[in-house]
Every structure is written in C-alpha cells, then in structure tokens.
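Student: Structure below; questions to follow.
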Amino acid sequence: MIKIRKIAHYMVSVACLLVAITACKKEIDAVIPGNGEALKINYIANSDVLRHYKIGGIGIFVDTIPHRNTGNFPFFDLTSVPQKLEYPNFFSTVSGLLYANYLSGQHRFKYNYMIPDSLSGSFGSKPDKMLIDTALILEKDAGSLLYLIDGPIARENDTPTFKIMVIPANRALKLDSTQVAITISHQSPDTENISCSRITSNGELSRENLPQDLAYGQSTPYLIFAVKDASNGILGLRIYSKSNGKELINTGIPANGGHAYALAISGFQNEQERLLPLKLNSDHSVLYGKATIFPNLRASTRQIW
C-alpha cells in the first residue's frame with residue numbers, strides 16, 4: 001500500500017509538472033512530424049556526484065508521451081540500494097539495452113531533481129531543482145544512449161553541474177562474427193584530453209584506429225576491430241593523458257564477435273567538494289551541505305547489442 005501510494009504521488013507530480021511545462025512562458029518548439037517513425041532512447045546516469053545523493057531522485061520529463069505505451073516516465077531513484085540509474089531497466093537474461101520509444105522529431109528534455117513527498121518518505125515526487133533543460137533531435141530507429149554525466153567544474157562555487165551526452169546506439173551497423181565494435185566517450189570533467197592504444201594478439205601496443213586527442217564531452221564513432229587481434233578473448237585498451245603520456249586506465253572489452261560496446265571514461269582525477277542535498281526540512285525545503293567526492297577515474301563498459 002505504501003509503495004502504491006508513493007508511486008501515485010509521483011505520477012500526480014509528473015502530471016502537474018507536464019502541465020507546468022506546457023503553460024510556461026518559454027515556448028516549446030513543435031515536434032517535427034515523425035511520420036510514425038520512432039526514436040529509441042536508453043537513459044543512464046553516469047555521475048559520481050549523483051552517487052553521493054541519499055534522498056530523492058531525478059525525474060526526466062519529455063514534451064511528448066512514450067510511443068506505443070513503451071513505459072512510464074523515466075526516473076532515476078537515488079535512494080534505493082543500489083541506486084537505479086538506468087531507464088528502462090527490466091530483468092532480462094539477454095545482454096544488451098532496452099529502449100523507451102517516442103515519435104521521431106525534435107523533443108525537449110527536462111531533468112529535475114525531485115525531493116521526497118514527506119519527511120518519512122524517500123521517493124522523490126516534487127520538483128526541487130532543474131538540472132538540465134535541452135532540446136535534441138535524435139536519429140530515428142537507430143537508438144540513442146542519453147548519458148547524464150558530471151558537468152564542467154564551477155570554480156566559483158560547489159554547486160554540482162551536469163551535462164547530457166548523446167551516444168548513438170547505431171543499431172544499423174553491420175558486424176559479422178569476426179568483428180567487434182566499440183565507441184569511446186570522455187565523461188570525466190577534470191581529466192585532460194586522452195589518447196588510447198590497444199594490446200595486439202602478440203602483446204604489442206598499437207594506436208591504429210584509436211583516438212589520440214579525445215576531449216571531455218566527445219565520443220568516437222564506432223571503431224571496428226578483428227576478433228582474432230584480441231588476446232585471451234579480451235581487446236585490451238590503455239588510456240593515457242594526451243599532454244604527458246601518463247597511463248590513466250588499463251581496461252578492455254570482451255572480443256565477442258558480432259557485438260558492439262560503449263566504453264565510458266568517467267569519474268574525477270582529483271578530490272572534489274560539492275554542495276549536496278542532505279535531508280528534507282519540516283517545511284519541505286531541502287537542507288544542503290558539502291560532501292567530498294574522492295578520485296575514482298575509471299572505464300565502464302556497456303554492451304549495446
């Protein structure tokens with residue numbers, strides 16, 4: 001009963017916010033006609049700052065409804081253990097990503113931090129702070145990964161910033177069983193431009209077909225490698241600082257023929273302080289306080305298909 005009530009409160013708040021979006025003074029561009037074609041979106045939060053949030057969640061509001069009833073409104077639950085940082089995300093034994101469908105065209109996306117609806121509750125339901133407000137035109141049918149990542153560091157204060165990074169799923173890419181594909185994205189706001197190399201099957205390092213000057217906020221197209229060039233079933237990768245050649249990350253992807261992967265370089269190189277929500281006050285305002293974000297530069301891999 002409590003869970004149903006929380007979900008009901010959240011859905012009511014969603015409806016209210018959608019009304020507010022429609023009624024606000026800032027004009028929303030009309031959706032470009034989609035001719036029945038669908039956008040496929042997978043939402044993911046890959047933010048070290050958000051991992052330190054203990055209350056509330058992130059509601060994602062789009063200026064259109066899901067196409068063909070493919071799901072509810074996207075929401076990242078920051079209170080669950082572990083946090084729920086992907087949408088849609090249902091139990092499945094099949095590797096790969098799930099997508100929410102929308103009619104194709106330009107759409108406006110609002111990411112709102114949502115506070116709990118009561119002092120005893122943890123489910124975010126009331127809009128508290130706008131994190132992102134952006135319009136995007138995404139490639140139809142091919143699929144897109146919308147990463148919510150840590151934004152550029154603001155030196156003048158400790159208020160967190162965030163950024164949307166779009167990675168095409170490129171499901172139309174044709175691979176055979178002898179090939180594996182990878183896209184590499186730079187999502188670490190305090191890491192300089194990076195370069196990459198891979199370990200060949202004979203143990204040597206090669207920079208061929210890999211980025212040598214990838215900046216924060218950039219991603220590569222899908223890079224295709226031969227499975228036979230992997231070592232022990234792994235396509236080993238090294239990530240370096242472009243400026244001084246220092247090795248930052250030693251990682252790799254499975255060399256599974258016919259599959260594609262997204263490799264995200266994220267986290268911070270240096271210790272950070274951010275002003276984060278700590279608890280809900282009796283007047284439903286949020287108490288903020290400083291939290292330390294420790295260095296955790298890393299690579300994470302997701303199988304696209």
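By order of appearance in the structure tokens: chains A, B, ..., then residues from 1 within every chain, and ligands from 1 in the order shown.
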If you run DSSP over the backbone, which residues in stretch 89-293 of chain A end up strand (DSSP E or B)? Put them as a ChimeraX atom specification.

Tutor: /A:100-103,106-116,124-137,144-150,162-168,179-186,194-199,205-206,214,219,223-226,231,234-241,247-254,259-266,272-280,286-293

Student: Would you kindly return, as a PyMOL selection string, each protein, DNA or RNA residue with an atom no farther than 7 Å from any atom of A:Ala135, considering only C-alpha atoms and excluding same-chain residues fewer than 4 positions away?

Tutor: chain A and resi 106-109

Student: With distances taken over only C-alpha atoms, which of A:Ala260, A:Val286, A:Ile194, A:Val49 is nearest to A:Asp150?

Tutor: A:Val49

Student: Which residues, written as an mmCIF file with N, CA and C atoms, in the first residue's frame, have at least one atom at most 8 Å from A:Gln272, with only C-alpha atoms counted and residues fewer than 4 positions away on the same chain left out?

Tutor:
```
data_model
loop_
_atom_site.group_PDB
_atom_site.id
_atom_site.type_symbol
_atom_site.label_atom_id
_atom_site.label_comp_id
_atom_site.auth_asym_id
_atom_site.auth_seq_id
_atom_site.Cartn_x
_atom_site.Cartn_y
_atom_site.Cartn_z
ATOM 1 N N PHE A 268 36.403 11.378 -11.377
ATOM 2 C CA PHE A 268 37.295 12.517 -11.211
ATOM 3 C C PHE A 268 38.720 12.034 -10.962
ATOM 4 N N THR A 292 32.430 15.392 0.132
ATOM 5 C CA THR A 292 33.682 15.164 -0.580
ATOM 6 C C THR A 292 33.508 14.040 -1.594
ATOM 7 N N ILE A 293 33.912 14.324 -2.821
ATOM 8 C CA ILE A 293 33.893 13.320 -3.882
ATOM 9 C C ILE A 293 35.334 12.888 -4.116
ATOM 10 N N PHE A 294 35.634 11.640 -3.822
ATOM 11 C CA PHE A 294 37.013 11.169 -3.917
ATOM 12 C C PHE A 294 37.361 10.764 -5.349
ATOM 13 N N PRO A 295 38.642 10.827 -5.712
ATOM 14 C CA PRO A 295 39.052 10.447 -7.069
ATOM 15 C C PRO A 295 38.667 9.006 -7.383
#
```
